[in-house]
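Enquirer: You'll find protein-v8.tsv just under this line, and it carries TSV, C-alpha atoms.
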chain	number	residue	atom	x	y	z
A	959	MET	CA	-30.59	31.82	-74.04
A	960	VAL	CA	-28.28	34.58	-75.28
A	961	GLY	CA	-30.38	37.33	-73.65
A	962	MET	CA	-29.70	35.85	-70.21
A	963	PHE	CA	-26.05	36.92	-70.35
A	964	LEU	CA	-26.66	40.61	-70.99
A	965	ALA	CA	-25.53	41.48	-67.47
A	966	TRP	CA	-22.03	40.43	-68.54
A	967	PRO	CA	-21.57	42.18	-71.86
A	968	ILE	CA	-18.90	41.50	-74.42
A	969	ASN	CA	-18.66	45.20	-75.28
A	970	PRO	CA	-16.01	46.64	-72.92
A	971	MET	CA	-17.35	50.15	-73.40
A	972	SER	CA	-20.75	49.21	-71.97
A	973	GLU	CA	-21.94	50.98	-68.83
A	974	THR	CA	-22.99	47.67	-67.26
A	975	LYS	CA	-20.33	46.28	-64.92
A	976	ARG	CA	-18.59	43.30	-66.41
A	977	ALA	CA	-18.27	40.16	-64.33
A	978	SER	CA	-14.82	39.68	-62.81
A	979	ILE	CA	-13.11	36.32	-62.68
A	980	LEU	CA	-10.15	35.32	-60.55
A	981	VAL	CA	-7.97	32.67	-62.21
A	982	VAL	CA	-5.88	30.73	-59.67
A	983	ASP	CA	-3.25	28.51	-61.29
A	984	ASP	CA	0.46	28.08	-60.57
A	985	GLU	CA	1.36	27.59	-64.25
A	986	THR	CA	2.03	30.95	-65.90
A	987	ALA	CA	1.16	29.74	-69.39
A	988	VAL	CA	-2.21	28.38	-68.24
A	989	ARG	CA	-3.03	31.57	-66.32
A	990	GLU	CA	-2.20	33.78	-69.29
A	991	LEU	CA	-4.11	31.60	-71.76
A	992	LEU	CA	-7.20	31.61	-69.55
A	993	LYS	CA	-6.86	35.36	-69.04
A	994	LEU	CA	-6.75	35.96	-72.80
A	995	GLN	CA	-9.72	33.67	-73.43
A	996	LEU	CA	-11.86	35.26	-70.70
A	997	ALA	CA	-10.88	38.86	-71.43
A	998	GLY	CA	-11.65	38.22	-75.10
A	999	ALA	CA	-15.14	37.13	-74.05
A	1000	GLY	CA	-15.67	40.40	-72.18
A	1001	TYR	CA	-14.80	39.50	-68.59
A	1002	ASP	CA	-12.51	41.39	-66.23
A	1003	VAL	CA	-9.78	38.95	-65.22
A	1004	LEU	CA	-7.58	38.85	-62.12
A	1005	VAL	CA	-4.85	36.24	-61.71
A	1006	ALA	CA	-3.12	34.56	-58.77
A	1007	ASP	CA	-0.40	31.92	-58.79
A	1008	ASP	CA	-1.26	30.33	-55.43
A	1009	ALA	CA	-3.87	30.26	-52.67
A	1010	ILE	CA	-2.08	32.94	-50.63
A	1011	VAL	CA	-2.20	35.51	-53.43
A	1012	ALA	CA	-5.78	34.45	-54.23
A	1013	GLY	CA	-6.83	35.02	-50.62
A	1014	ARG	CA	-5.34	38.51	-50.63
A	1015	THR	CA	-7.11	39.28	-53.91
A	1016	LEU	CA	-10.41	38.06	-52.46
A	1017	MET	CA	-10.05	40.43	-49.53
A	1018	SER	CA	-9.15	43.47	-51.63
A	1019	ALA	CA	-11.28	42.93	-54.75
A	1020	PRO	CA	-13.76	40.04	-54.48
A	1021	PRO	CA	-14.46	38.59	-57.94
A	1022	ASP	CA	-17.78	37.27	-59.21
A	1023	LEU	CA	-16.31	33.84	-59.93
A	1024	MET	CA	-13.08	31.92	-59.32
A	1025	LEU	CA	-11.43	29.37	-61.60
A	1026	VAL	CA	-9.20	27.35	-59.27
A	1027	ASP	CA	-6.62	24.74	-60.19
A	1028	VAL	CA	-6.70	21.85	-57.76
A	1029	ALA	CA	-2.91	21.35	-57.70
A	1030	LEU	CA	-1.51	24.52	-56.15
A	1031	PRO	CA	1.64	25.06	-54.08
A	1032	TYR	CA	1.37	25.64	-50.30
A	1033	LEU	CA	-2.37	24.84	-50.11
A	1034	ASP	CA	-4.19	22.84	-52.75
A	1035	GLY	CA	-7.24	24.29	-54.47
A	1036	VAL	CA	-9.79	22.05	-52.71
A	1037	ASP	CA	-8.44	22.85	-49.24
A	1038	PHE	CA	-8.27	26.54	-50.17
A	1039	VAL	CA	-11.94	26.64	-51.23
A	1040	ALA	CA	-13.00	24.55	-48.21
A	1041	ALA	CA	-11.26	27.06	-45.92
A	1042	LEU	CA	-12.98	29.95	-47.71
A	1043	LYS	CA	-16.40	28.34	-47.31
A	1044	ALA	CA	-15.75	27.80	-43.59
A	1045	ASP	CA	-14.65	31.40	-43.01
A	1046	THR	CA	-17.71	33.63	-42.62
A	1047	THR	CA	-15.60	36.78	-42.99
A	1048	MET	CA	-14.55	35.86	-46.55
A	1049	PRO	CA	-16.74	36.69	-49.55
A	1050	GLN	CA	-18.61	33.63	-50.80
A	1051	VAL	CA	-17.62	33.42	-54.45
A	1052	PRO	CA	-18.74	30.68	-56.86
A	1053	VAL	CA	-15.92	28.35	-57.92
A	1054	VAL	CA	-15.10	26.21	-60.94
A	1055	PHE	CA	-12.25	23.76	-60.30
A	1056	MET	CA	-9.69	22.74	-62.93
A	1057	SER	CA	-7.38	19.73	-62.96
A	1058	GLY	CA	-5.78	17.22	-65.26
A	1059	ASN	CA	-6.27	14.48	-62.67
A	1060	ALA	CA	-9.75	12.90	-62.81
A	1061	GLU	CA	-9.35	11.31	-59.34
A	1062	VAL	CA	-8.62	14.68	-57.75
A	1063	LEU	CA	-11.67	16.20	-59.43
A	1064	VAL	CA	-13.88	13.74	-57.53
A	1065	ARG	CA	-12.60	15.32	-54.30
A	1066	ALA	CA	-13.23	18.79	-55.71
A	1067	ARG	CA	-16.81	17.91	-56.65
A	1068	SER	CA	-17.47	17.05	-53.01
A	1069	LEU	CA	-17.59	20.81	-52.37
A	1070	GLY	CA	-20.46	21.13	-54.82
A	1071	ALA	CA	-18.48	23.03	-57.44
A	1072	PRO	CA	-18.29	22.16	-61.14
A	1073	CYS	CA	-15.01	20.89	-62.51
A	1074	LEU	CA	-13.18	21.22	-65.82
A	1075	LYS	CA	-10.80	18.40	-66.73
A	1076	LYS	CA	-7.62	19.70	-68.37
A	1077	PRO	CA	-7.15	20.02	-71.23
A	1078	PHE	CA	-10.46	21.73	-72.01
A	1079	SER	CA	-11.56	23.87	-74.93
A	1080	GLY	CA	-12.29	27.58	-74.89
A	1081	GLU	CA	-15.94	26.72	-75.51
A	1082	GLN	CA	-16.03	24.42	-72.47
A	1083	LEU	CA	-14.41	27.14	-70.36
A	1084	LEU	CA	-16.84	29.86	-71.41
A	1085	GLU	CA	-19.84	27.54	-71.02
A	1086	ALA	CA	-18.81	26.65	-67.44
A	1087	VAL	CA	-18.25	30.33	-66.58
A	1088	ARG	CA	-21.58	31.44	-68.05
A	1089	ARG	CA	-23.45	28.60	-66.37
A	1090	GLU	CA	-22.00	29.39	-62.94
A	1091	LEU	CA	-22.65	33.12	-63.28
A	1092	LEU	CA	-26.23	32.36	-64.32
A	1093	LEU	CA	-26.83	29.83	-61.52
A	1094	ARG	CA	-25.03	31.88	-58.87
A	1095	PRO	CA	-25.28	35.55	-59.85
A	1096	PRO	CA	-22.74	37.88	-58.27
A	1097	GLN	CA	-23.66	39.03	-54.79
A	1098	ARG	CA	-22.17	42.49	-54.70
A	1099	ARG	CA	-21.67	43.26	-51.04
A	1100	PRO	CA	-19.99	46.37	-49.76
A	1101	ARG	CA	-16.47	45.65	-48.63
A	1102	LEU	CA	-16.01	45.89	-44.88
A	1103	ASP	CA	-13.38	48.47	-43.97
A	1104	TYR	CA	-11.94	47.31	-40.65
A	1105	PHE	CA	-9.86	50.45	-40.17
A	1106	SER	CA	-12.64	53.02	-40.37
A	1107	ALA	CA	-15.23	51.11	-38.34
A	1108	SER	CA	-16.18	52.89	-35.13
A	1109	ILE	CA	-16.17	51.11	-31.80
Output the file's structure in the form of structure tokens.
Expert:
Amino acid sequence: MVGMFLAWPINPMSETKRASILVVDDETAVRELLKLQLAGAGYDVLVADDAIVAGRTLMSAPPDLMLVDVALPYLDGVDFVAALKADTTMPQVPVVFMSGNAEVLVRARSLGAPCLKKPFSGEQLLEAVRRELLLRPPQRRPRLDYFSASI
């Protein structure tokens, strides 16, 4: 099973592009802890503290996977991901939801995404990330540049 993850190496000096993960959580401590855990496992990590910042990040640098907290300010994580799935102009990025509320996770699962119940271990986190990247490999599409497109 280990050989299946060679596309996402742990060695940061490797020539193979490392998978990028966008962590969306409004709690600074949680974001930083997840960032350390994922970066330590060899992933490139982007962070956002709400759905608005996450949406901007998706437009400028689409990640290979998103870890999204369900309880976010302005727009909750489930509504944010539902809006992304409905918008054909947005990159379709695999999602893993996170929440401490089991009832809310039921709603999140309705979008077909796996869920991690907080608190979870580093092993559970990395297993969910690896599984999603294996099941839904990154679809590297060229970014559409709206300003240089000819009419």
Enquirer: Could you state the separation of atom CA of A:Pro1049 and atom CA of A:Leu1016 in Å, given to one decimal place?
Expert: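 Calculated distance between atom CA of A:Pro1049 and atom CA of A:Leu1016 is 7.1 Å.
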Enquirer: Which residues, written as a list of chain:residue names, have at least one atom at most 7 Å from stretch 1020-1023 of chain A, with all atoms listed in the file counted and residues fewer than 4 positions away on the same chain left out?
Expert: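 Surrounding residues, per the criterion: A:Ala977, A:Ser978, A:Ile979, A:Leu980, A:Thr1015, A:Leu1016, A:Pro1049, A:Val1051, A:Pro1052, A:Val1053, A:Pro1096.
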Enquirer: Within 8 Å of A:Val1054, counting all atoms listed in the file, which residues show up once you throw out same-chain ones fewer than 5 positions away? Write them as a ChimeraX atom specification, please.
Expert: /A:1023-1026,1071-1074,1086-1087,1090
Enquirer: Excluding same-chain residues fewer than 2 positions from A:Arg1065, what lies within 12 Å of it counting only C-alpha atoms, as a PyMOL selection string?
Expert: chain A and resi 1028-1029+1034-1037+1039-1040+1055-1057+1059-1063+1067-1073
Enquirer: Using the selection just defined, write its residues with C-alpha atoms as a PDB file, in the frame of the given file.
Expert:
ATOM      1  CA  VAL A1028      -6.700  21.850 -57.760  1.00  0.00           C
ATOM      2  CA  ALA A1029      -2.910  21.350 -57.700  1.00  0.00           C
ATOM      3  CA  ASP A1034      -4.190  22.840 -52.750  1.00  0.00           C
ATOM      4  CA  GLY A1035      -7.240  24.290 -54.470  1.00  0.00           C
ATOM      5  CA  VAL A1036      -9.790  22.050 -52.710  1.00  0.00           C
ATOM      6  CA  ASP A1037      -8.440  22.850 -49.240  1.00  0.00           C
ATOM      7  CA  VAL A1039     -11.940  26.640 -51.230  1.00  0.00           C
ATOM      8  CA  ALA A1040     -13.000  24.550 -48.210  1.00  0.00           C
ATOM      9  CA  PHE A1055     -12.250  23.760 -60.300  1.00  0.00           C
ATOM     10  CA  MET A1056      -9.690  22.740 -62.930  1.00  0.00           C
ATOM     11  CA  SER A1057      -7.380  19.730 -62.960  1.00  0.00           C
ATOM     12  CA  ASN A1059      -6.270  14.480 -62.670  1.00  0.00           C
ATOM     13  CA  ALA A1060      -9.750  12.900 -62.810  1.00  0.00           C
ATOM     14  CA  GLU A1061      -9.350  11.310 -59.340  1.00  0.00           C
ATOM     15  CA  VAL A1062      -8.620  14.680 -57.750  1.00  0.00           C
ATOM     16  CA  LEU A1063     -11.670  16.200 -59.430  1.00  0.00           C
ATOM     17  CA  ARG A1067     -16.810  17.910 -56.650  1.00  0.00           C
ATOM     18  CA  SER A1068     -17.470  17.050 -53.010  1.00  0.00           C
ATOM     19  CA  LEU A1069     -17.590  20.810 -52.370  1.00  0.00           C
ATOM     20  CA  GLY A1070     -20.460  21.130 -54.820  1.00  0.00           C
ATOM     21  CA  ALA A1071     -18.480  23.030 -57.440  1.00  0.00           C
ATOM     22  CA  PRO A1072     -18.290  22.160 -61.140  1.00  0.00           C
ATOM     23  CA  CYS A1073     -15.010  20.890 -62.510  1.00  0.00           C
TER      24      CYS A1073
END
Enquirer: Can you tell me how far atom CA of A:Ala1041 sits from atom CA of A:Arg976, in Å to one decimal?
Expert: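 One can read the atom CA of A:Ala1041 to atom CA of A:Arg976 distance as 27.2 Å.
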Enquirer: When you draw a straight line from atom CA of A:Gly1080 to atom CA of A:Leu994, how long is it in Å?
Expert: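 Straight-line distance from atom CA of A:Gly1080 to atom CA of A:Leu994 works out to 10.3 Å.
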Enquirer: Pick out the closest residue to A:Ile1010 from this set: A:Glu1085, A:Leu991, A:Gly998, A:Asp984. Count all atoms listed in the file.
Expert: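 Looking only at the distances to A:Ile1010, the closest residue turns out to be A:Asp984.
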Enquirer: Measuring between only C-alpha atoms, which one of A:Lys1075, A:Arg1088, A:Asp1045, A:Leu1083 shows the shortest distance to A:Val981?
Expert: A:Leu1083
Enquirer: Which centre and edge lengths in Å to one decimal define the box along x, y and z that fits every listed atom of stretch 995-1007 of chain A plus 4 Å per side, as JSON?
Expert:
{"center_x": -8.0, "center_y": 36.7, "center_z": -66.9, "size_x": 23.3, "size_y": 17.5, "size_z": 24.3}
Enquirer: May I ask which of the residues A:Ala987, A:Ala1044, A:Lys993, A:Phe1038 is the closest one to A:Ala1012, counting only C-alpha atoms?
Expert: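 Nearest to A:Ala1012: A:Phe1038.
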Enquirer: Under the rule that all atoms listed in the file are counted, which of A:Val988, A:Lys975, A:Ser1018, A:Ala1009 is the nearest residue to A:Tyr1032?
Expert: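 Nearest candidate to A:Tyr1032 out of A:Val988, A:Lys975, A:Ser1018, A:Ala1009: A:Ala1009.
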Enquirer: Of the candidates A:Lys1043, A:Gln995, A:Pro1031, A:Glu990, which one gets nearest to A:Asp1008 if we count all atoms listed in the file?
Expert: A:Pro1031
Enquirer: Kindly write N, CA and C atoms of stretch 1040-1070 of chain A from the structure just given to a file, as an mmCIF file, in the first residue's frame.
Expert:
data_model
loop_
_atom_site.group_PDB
_atom_site.id
_atom_site.type_symbol
_atom_site.label_atom_id
_atom_site.label_comp_id
_atom_site.auth_asym_id
_atom_site.auth_seq_id
_atom_site.Cartn_x
_atom_site.Cartn_y
_atom_site.Cartn_z
ATOM 1 N N ALA A 1040 -21.218 23.104 -0.791
ATOM 2 C CA ALA A 1040 -22.367 22.940 -1.683
ATOM 3 C C ALA A 1040 -22.353 24.009 -2.767
ATOM 4 N N ALA A 1041 -22.031 25.246 -2.389
ATOM 5 C CA ALA A 1041 -21.952 26.332 -3.369
ATOM 6 C C ALA A 1041 -20.829 26.092 -4.367
ATOM 7 N N LEU A 1042 -19.700 25.573 -3.898
ATOM 8 C CA LEU A 1042 -18.586 25.262 -4.805
ATOM 9 C C LEU A 1042 -18.978 24.193 -5.811
ATOM 10 N N LYS A 1043 -19.656 23.151 -5.328
ATOM 11 C CA LYS A 1043 -20.063 22.063 -6.218
ATOM 12 C C LYS A 1043 -21.067 22.540 -7.267
ATOM 13 N N ALA A 1044 -21.889 23.515 -6.915
ATOM 14 C CA ALA A 1044 -22.893 24.038 -7.840
ATOM 15 C C ALA A 1044 -22.309 25.007 -8.859
ATOM 16 N N ASP A 1045 -21.155 25.568 -8.566
ATOM 17 C CA ASP A 1045 -20.534 26.576 -9.432
ATOM 18 C C ASP A 1045 -19.558 25.904 -10.392
ATOM 19 N N THR A 1046 -19.923 25.845 -11.657
ATOM 20 C CA THR A 1046 -19.089 25.144 -12.646
ATOM 21 C C THR A 1046 -17.799 25.891 -12.974
ATOM 22 N N THR A 1047 -17.686 27.150 -12.553
ATOM 23 C CA THR A 1047 -16.455 27.892 -12.820
ATOM 24 C C THR A 1047 -15.391 27.642 -11.751
ATOM 25 N N MET A 1048 -15.794 27.054 -10.631
ATOM 26 C CA MET A 1048 -14.848 26.794 -9.540
ATOM 27 C C MET A 1048 -14.198 25.425 -9.728
ATOM 28 N N PRO A 1049 -12.924 25.313 -9.351
ATOM 29 C CA PRO A 1049 -12.259 24.010 -9.420
ATOM 30 C C PRO A 1049 -12.961 23.015 -8.499
ATOM 31 N N GLN A 1050 -13.146 21.800 -8.970
ATOM 32 C CA GLN A 1050 -13.765 20.759 -8.155
ATOM 33 C C GLN A 1050 -12.669 20.053 -7.364
ATOM 34 N N VAL A 1051 -12.614 20.333 -6.095
ATOM 35 C CA VAL A 1051 -11.560 19.845 -5.217
ATOM 36 C C VAL A 1051 -12.176 18.888 -4.197
ATOM 37 N N PRO A 1052 -11.564 17.722 -3.991
ATOM 38 C CA PRO A 1052 -12.067 16.805 -2.960
ATOM 39 C C PRO A 1052 -12.040 17.471 -1.582
ATOM 40 N N VAL A 1053 -12.995 17.087 -0.735
ATOM 41 C CA VAL A 1053 -13.158 17.709 0.579
ATOM 42 C C VAL A 1053 -13.228 16.650 1.660
ATOM 43 N N VAL A 1054 -12.632 16.961 2.812
ATOM 44 C CA VAL A 1054 -12.828 16.199 4.036
ATOM 45 C C VAL A 1054 -13.347 17.214 5.053
ATOM 46 N N PHE A 1055 -14.532 16.947 5.608
ATOM 47 C CA PHE A 1055 -15.108 17.839 6.608
ATOM 48 C C PHE A 1055 -14.575 17.500 7.994
ATOM 49 N N MET A 1056 -14.572 18.503 8.874
ATOM 50 C CA MET A 1056 -14.179 18.335 10.271
ATOM 51 C C MET A 1056 -15.215 19.023 11.150
ATOM 52 N N SER A 1057 -15.560 18.388 12.270
ATOM 53 C CA SER A 1057 -16.462 19.026 13.225
ATOM 54 C C SER A 1057 -16.439 18.251 14.533
ATOM 55 N N GLY A 1058 -16.726 18.958 15.605
ATOM 56 C CA GLY A 1058 -16.878 18.322 16.898
ATOM 57 C C GLY A 1058 -18.313 17.913 17.165
ATOM 58 N N ASN A 1059 -19.217 18.288 16.288
ATOM 59 C CA ASN A 1059 -20.638 18.027 16.455
ATOM 60 C C ASN A 1059 -21.065 16.882 15.527
ATOM 61 N N ALA A 1060 -21.379 15.733 16.106
ATOM 62 C CA ALA A 1060 -21.739 14.547 15.315
ATOM 63 C C ALA A 1060 -22.994 14.777 14.475
ATOM 64 N N GLU A 1061 -23.962 15.544 14.991
ATOM 65 C CA GLU A 1061 -25.200 15.803 14.247
ATOM 66 C C GLU A 1061 -24.924 16.618 12.987
ATOM 67 N N VAL A 1062 -24.015 17.568 13.085
ATOM 68 C CA VAL A 1062 -23.675 18.405 11.933
ATOM 69 C C VAL A 1062 -22.938 17.579 10.879
ATOM 70 N N LEU A 1063 -22.158 16.612 11.325
ATOM 71 C CA LEU A 1063 -21.421 15.775 10.373
ATOM 72 C C LEU A 1063 -22.362 14.955 9.490
ATOM 73 N N VAL A 1064 -23.530 14.615 9.994
ATOM 74 C CA VAL A 1064 -24.523 13.895 9.183
ATOM 75 C C VAL A 1064 -24.896 14.752 7.976
ATOM 76 N N ARG A 1065 -25.096 16.033 8.221
ATOM 77 C CA ARG A 1065 -25.419 16.980 7.128
ATOM 78 C C ARG A 1065 -24.251 17.079 6.146
ATOM 79 N N ALA A 1066 -23.047 17.094 6.668
ATOM 80 C CA ALA A 1066 -21.865 17.182 5.815
ATOM 81 C C ALA A 1066 -21.722 15.936 4.945
ATOM 82 N N ARG A 1067 -22.020 14.785 5.508
ATOM 83 C CA ARG A 1067 -21.909 13.529 4.732
ATOM 84 C C ARG A 1067 -22.887 13.493 3.568
ATOM 85 N N SER A 1068 -23.950 14.278 3.639
ATOM 86 C CA SER A 1068 -24.933 14.292 2.556
ATOM 87 C C SER A 1068 -24.318 14.788 1.248
ATOM 88 N N LEU A 1069 -23.183 15.483 1.337
ATOM 89 C CA LEU A 1069 -22.493 15.939 0.126
ATOM 90 C C LEU A 1069 -21.521 14.887 -0.396
ATOM 91 N N GLY A 1070 -21.494 13.731 0.245
ATOM 92 C CA GLY A 1070 -20.643 12.644 -0.230
ATOM 93 C C GLY A 1070 -19.183 12.770 0.163
#
